[in-house]
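A quick write-up on the structure given underneath.
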Amino acid sequence: MTFGLDGKVALVTGAASGIGAATAVRFARAGADVVLTWYERDPHDPEPVAAAVRATGRRALVRSCDVSDSDSVTATVADTVAEFGGLDIVVSNAGIARDIPIEQLTDASWTETIETNLGGALRCFRAAVPHLRARGGGRLLATSSLAGGVQGWPNHVHYCASKSGIVGLVRGLAVELARDGITVNAVAPGVIVTPQSLDPVNSLGEEGAAQFGATVPIGRLGEPDEIAAAFQFLASAEASYLTGQLLTIDGGVSLSLV
């Protein structure tokens, strides 16, 4: 199978909906067993996603995980290894977005976003590295964003900073871990049809997302599975010589002058 993941064990954070859910199911279809994490304040139920993973014939493990807490992340990785005997792939996808103008941005709000989006990736990768080394290599993957990774987003400076920071994290670790057979890459999605982008309070909302979709050169918003497909490639053996990269998937938005 092209981009196959047979026999691999993958940990996907933020897997109850959107890009994380699509990635978990796509990885299972490619042959991987999957650990799906979610946060207890997330209103989305991870069990339907786990059921979709199991429907492919692969194993699924659901764990509550607060990626802003090191103990929670370490415990989740330990559970993964105990359940499946190892770990090969980590997709750090859990993240938050909060609409807050700079003059109203408190230290607490800044810290919450940075520690979830950027600190969460650090914690997941740090906890996973010894286990990937034990397997002779692996893949560390993260969800960055067009906002921050490539462009700006008004009222979301903390989000942009966190997603831009993921690029530095990926590039630094790519060099540090290259001789261990561990590649490190990130994807920068544009506006994708997810609960986050459709949030009318902190993001575009349905009407705003539809209006934005009309401006995308390809003519529409992206779908979660289109980002999951990129993660599948980056997780596969075919991507073994690709590391330290940010793959922008935005329908051409970042190339448009309009």
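Each chain of the structure tokens is named A, B, ... in the order shown, its residues numbered from 1; ligands are numbered from 1 in display order.
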**Message:** Please return, as a ChimeraX atom specification, all residues of stretch 42-221 of chain A that DSSP assigns to strand (DSSP E or B) on the basis of the backbone.
**Reply:** /A:60-64,89-92,138-143,151,182-189,192
Spatial neighbours of stretch 236-247 of chain A, max dist 6 Å, only C-alpha atoms, sep filter under 3 positions, as number ranges by chain: A: 3, 170-171, 174, 183-188, 233
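The nearest approach to A:Leu140 among the residues A:Asp42, A:Asp199, A:Ala10, A:Arg26, with only C-alpha atoms taken into account, belongs to A:Ala10.
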Quiz prompt | Selected residue of minimal separation from A:Ile100 among A:Val157, A:Ala60, A:Leu146, A:Leu173, counting only C-alpha atoms | solution =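 Among the listed residues, A:Val157 lies closest to A:Ile100.
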ask   = Could you state the separation of atom CA of A:Ser197 and atom CA of A:Ala209 in Å, given to one decimal place?
value =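 Rounded to one decimal, the two atoms are 7.1 Å apart.
With only C-alpha atoms as the basis for measurement, A:Gly148 is the residue among A:Gly85, A:Gly172, A:Gly137, A:Gly148 that approaches A:Pro189 most closely.
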message: Report as a PyMOL selection string all protein, DNA and RNA residues lying within 9 Å of A:Gly20, evaluated on only C-alpha atoms, omitting residues in the same chain fewer than 2 positions from it.
response: chain A and resi 12-18+22-25+36+91-94+224+228
Please save N, CA and C atoms of the selected residues as a PDB file, in the first residue's frame.
ATOM      1  N   VAL A  12      -2.544  10.453  18.417  1.00  0.00           N
ATOM      2  CA  VAL A  12      -3.082  11.675  17.813  1.00  0.00           C
ATOM      3  C   VAL A  12      -3.794  12.476  18.892  1.00  0.00           C
ATOM      4  N   THR A  13      -3.333  13.690  19.158  1.00  0.00           N
ATOM      5  CA  THR A  13      -3.998  14.528  20.153  1.00  0.00           C
ATOM      6  C   THR A  13      -5.077  15.373  19.484  1.00  0.00           C
ATOM      7  N   GLY A  14      -6.069  15.751  20.280  1.00  0.00           N
ATOM      8  CA  GLY A  14      -7.180  16.514  19.719  1.00  0.00           C
ATOM      9  C   GLY A  14      -7.931  15.712  18.672  1.00  0.00           C
ATOM     10  N   ALA A  15      -8.181  14.427  18.982  1.00  0.00           N
ATOM     11  CA  ALA A  15      -8.692  13.497  17.969  1.00  0.00           C
ATOM     12  C   ALA A  15     -10.201  13.313  17.994  1.00  0.00           C
ATOM     13  N   ALA A  16     -10.917  14.103  18.789  1.00  0.00           N
ATOM     14  CA  ALA A  16     -12.368  13.917  18.890  1.00  0.00           C
ATOM     15  C   ALA A  16     -13.130  14.550  17.738  1.00  0.00           C
ATOM     16  N   SER A  17     -12.488  15.438  16.991  1.00  0.00           N
ATOM     17  CA  SER A  17     -13.183  16.123  15.900  1.00  0.00           C
ATOM     18  C   SER A  17     -12.170  16.683  14.914  1.00  0.00           C
ATOM     19  N   GLY A  18     -12.662  17.202  13.817  1.00  0.00           N
ATOM     20  CA  GLY A  18     -11.842  17.938  12.864  1.00  0.00           C
ATOM     21  C   GLY A  18     -10.663  17.176  12.308  1.00  0.00           C
ATOM     22  N   ALA A  22     -10.066  13.019  11.605  1.00  0.00           N
ATOM     23  CA  ALA A  22      -9.812  12.532  10.244  1.00  0.00           C
ATOM     24  C   ALA A  22      -8.464  11.827  10.156  1.00  0.00           C
ATOM     25  N   THR A  23      -7.467  12.350  10.867  1.00  0.00           N
ATOM     26  CA  THR A  23      -6.139  11.738  10.854  1.00  0.00           C
ATOM     27  C   THR A  23      -6.153  10.375  11.520  1.00  0.00           C
ATOM     28  N   ALA A  24      -6.835  10.260  12.641  1.00  0.00           N
ATOM     29  CA  ALA A  24      -6.917   8.979  13.342  1.00  0.00           C
ATOM     30  C   ALA A  24      -7.529   7.903  12.456  1.00  0.00           C
ATOM     31  N   VAL A  25      -8.613   8.224  11.790  1.00  0.00           N
ATOM     32  CA  VAL A  25      -9.290   7.243  10.935  1.00  0.00           C
ATOM     33  C   VAL A  25      -8.443   6.916   9.710  1.00  0.00           C
ATOM     34  N   LEU A  36      -6.240   7.869  20.668  1.00  0.00           N
ATOM     35  CA  LEU A  36      -6.928   9.130  20.437  1.00  0.00           C
ATOM     36  C   LEU A  36      -7.038   9.881  21.755  1.00  0.00           C
ATOM     37  N   VAL A  91       1.153  12.710  16.386  1.00  0.00           N
ATOM     38  CA  VAL A  91       0.586  13.878  15.719  1.00  0.00           C
ATOM     39  C   VAL A  91       0.083  14.819  16.801  1.00  0.00           C
ATOM     40  N   SER A  92       0.820  15.895  17.035  1.00  0.00           N
ATOM     41  CA  SER A  92       0.425  16.899  18.015  1.00  0.00           C
ATOM     42  C   SER A  92      -0.527  17.872  17.331  1.00  0.00           C
ATOM     43  N   ASN A  93      -1.805  17.651  17.559  1.00  0.00           N
ATOM     44  CA  ASN A  93      -2.828  18.402  16.844  1.00  0.00           C
ATOM     45  C   ASN A  93      -3.712  19.244  17.764  1.00  0.00           C
ATOM     46  N   ALA A  94      -3.774  18.893  19.052  1.00  0.00           N
ATOM     47  CA  ALA A  94      -4.656  19.617  19.973  1.00  0.00           C
ATOM     48  C   ALA A  94      -4.282  21.092  20.028  1.00  0.00           C
ATOM     49  N   PRO A 224     -11.087  18.301   6.457  1.00  0.00           N
ATOM     50  CA  PRO A 224     -10.140  17.680   7.391  1.00  0.00           C
ATOM     51  C   PRO A 224      -9.358  16.519   6.797  1.00  0.00           C
ATOM     52  N   ALA A 228      -5.397  15.339   6.787  1.00  0.00           N
ATOM     53  CA  ALA A 228      -5.042  13.993   7.255  1.00  0.00           C
ATOM     54  C   ALA A 228      -4.229  13.246   6.206  1.00  0.00           C
TER      55      ALA A 228
END
Among A:Val175, A:Ala134, A:Ala97, A:Val62, A:Trp110 is approached most closely, using only C-alpha atoms, by A:Ala97
I need the helix (DSSP H, G or I) residues of stretch 14-210 of chain A per DSSP on the backbone, written as a PyMOL selection string.
chain A and resi 18-29+47-54+70-84+102-104+107-134+146-149+157-180+205-210
Smallest atom-to-atom distance to A:Ala82: which of A:Val9, A:Arg41, A:Ile102, A:Cys65, using only C-alpha atoms?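 Using only C-alpha atoms, the shortest distance to A:Ala82 belongs to A:Val9.
Counting only C-alpha atoms, A:Leu221 has the following residues at most 8 Å away, ignoring those fewer than 4 positions along the same chain: A:Val191, A:Ile192, A:Val193, A:Ala209, A:Ala210, A:Phe212, A:Gly213, A:Val216, A:Gly251.
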Convert the current residue selection to file output with N, CA, C and O atoms, as a PDB file, in the first residue's frame.
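Final output, part-v4.pdb:
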ATOM      1  N   VAL A 191      -7.875  27.604   5.984  1.00  0.00           N
ATOM      2  CA  VAL A 191      -9.166  27.474   6.660  1.00  0.00           C
ATOM      3  C   VAL A 191      -9.799  26.149   6.254  1.00  0.00           C
ATOM      4  O   VAL A 191     -10.101  25.909   5.083  1.00  0.00           O
ATOM      5  N   ILE A 192      -9.974  25.293   7.238  1.00  0.00           N
ATOM      6  CA  ILE A 192     -10.523  23.955   7.039  1.00  0.00           C
ATOM      7  C   ILE A 192     -11.885  23.894   7.723  1.00  0.00           C
ATOM      8  O   ILE A 192     -12.111  24.561   8.741  1.00  0.00           O
ATOM      9  N   VAL A 193     -12.780  23.109   7.189  1.00  0.00           N
ATOM     10  CA  VAL A 193     -14.121  22.984   7.776  1.00  0.00           C
ATOM     11  C   VAL A 193     -14.029  22.140   9.043  1.00  0.00           C
ATOM     12  O   VAL A 193     -14.087  20.908   9.010  1.00  0.00           O
ATOM     13  N   ALA A 209     -16.860  31.814   7.276  1.00  0.00           N
ATOM     14  CA  ALA A 209     -16.107  30.762   6.600  1.00  0.00           C
ATOM     15  C   ALA A 209     -16.556  30.628   5.149  1.00  0.00           C
ATOM     16  O   ALA A 209     -15.737  30.453   4.241  1.00  0.00           O
ATOM     17  N   ALA A 210     -17.878  30.728   4.917  1.00  0.00           N
ATOM     18  CA  ALA A 210     -18.389  30.645   3.545  1.00  0.00           C
ATOM     19  C   ALA A 210     -17.876  31.813   2.701  1.00  0.00           C
ATOM     20  O   ALA A 210     -17.495  31.631   1.533  1.00  0.00           O
ATOM     21  N   PHE A 212     -15.115  33.498   3.230  1.00  0.00           N
ATOM     22  CA  PHE A 212     -13.681  33.290   3.009  1.00  0.00           C
ATOM     23  C   PHE A 212     -13.455  32.240   1.926  1.00  0.00           C
ATOM     24  O   PHE A 212     -12.561  32.384   1.087  1.00  0.00           O
ATOM     25  N   GLY A 213     -14.247  31.179   1.950  1.00  0.00           N
ATOM     26  CA  GLY A 213     -14.091  30.115   0.956  1.00  0.00           C
ATOM     27  C   GLY A 213     -14.183  30.630  -0.465  1.00  0.00           C
ATOM     28  O   GLY A 213     -13.499  30.126  -1.367  1.00  0.00           O
ATOM     29  N   VAL A 216     -10.785  31.862  -1.772  1.00  0.00           N
ATOM     30  CA  VAL A 216      -9.679  30.910  -1.922  1.00  0.00           C
ATOM     31  C   VAL A 216      -9.476  30.624  -3.413  1.00  0.00           C
ATOM     32  O   VAL A 216     -10.448  30.374  -4.131  1.00  0.00           O
ATOM     33  N   GLY A 251      -5.122  25.779  -0.307  1.00  0.00           N
ATOM     34  CA  GLY A 251      -5.880  26.075  -1.517  1.00  0.00           C
ATOM     35  C   GLY A 251      -5.331  27.235  -2.316  1.00  0.00           C
ATOM     36  O   GLY A 251      -5.997  27.765  -3.208  1.00  0.00           O
TER      37      GLY A 251
END
Would you kindly return, as a list in words, each protein, DNA or RNA residue with an atom no farther than 9 Å from any atom of A:Arg63, considering only C-alpha atoms and excluding same-chain residues fewer than 2 positions away?
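Surrounding residues, per the criterion: Val35, Leu36, Thr37, Trp38, Tyr39, Leu61, Cys65, Thr76 and Asp79 of chain A.
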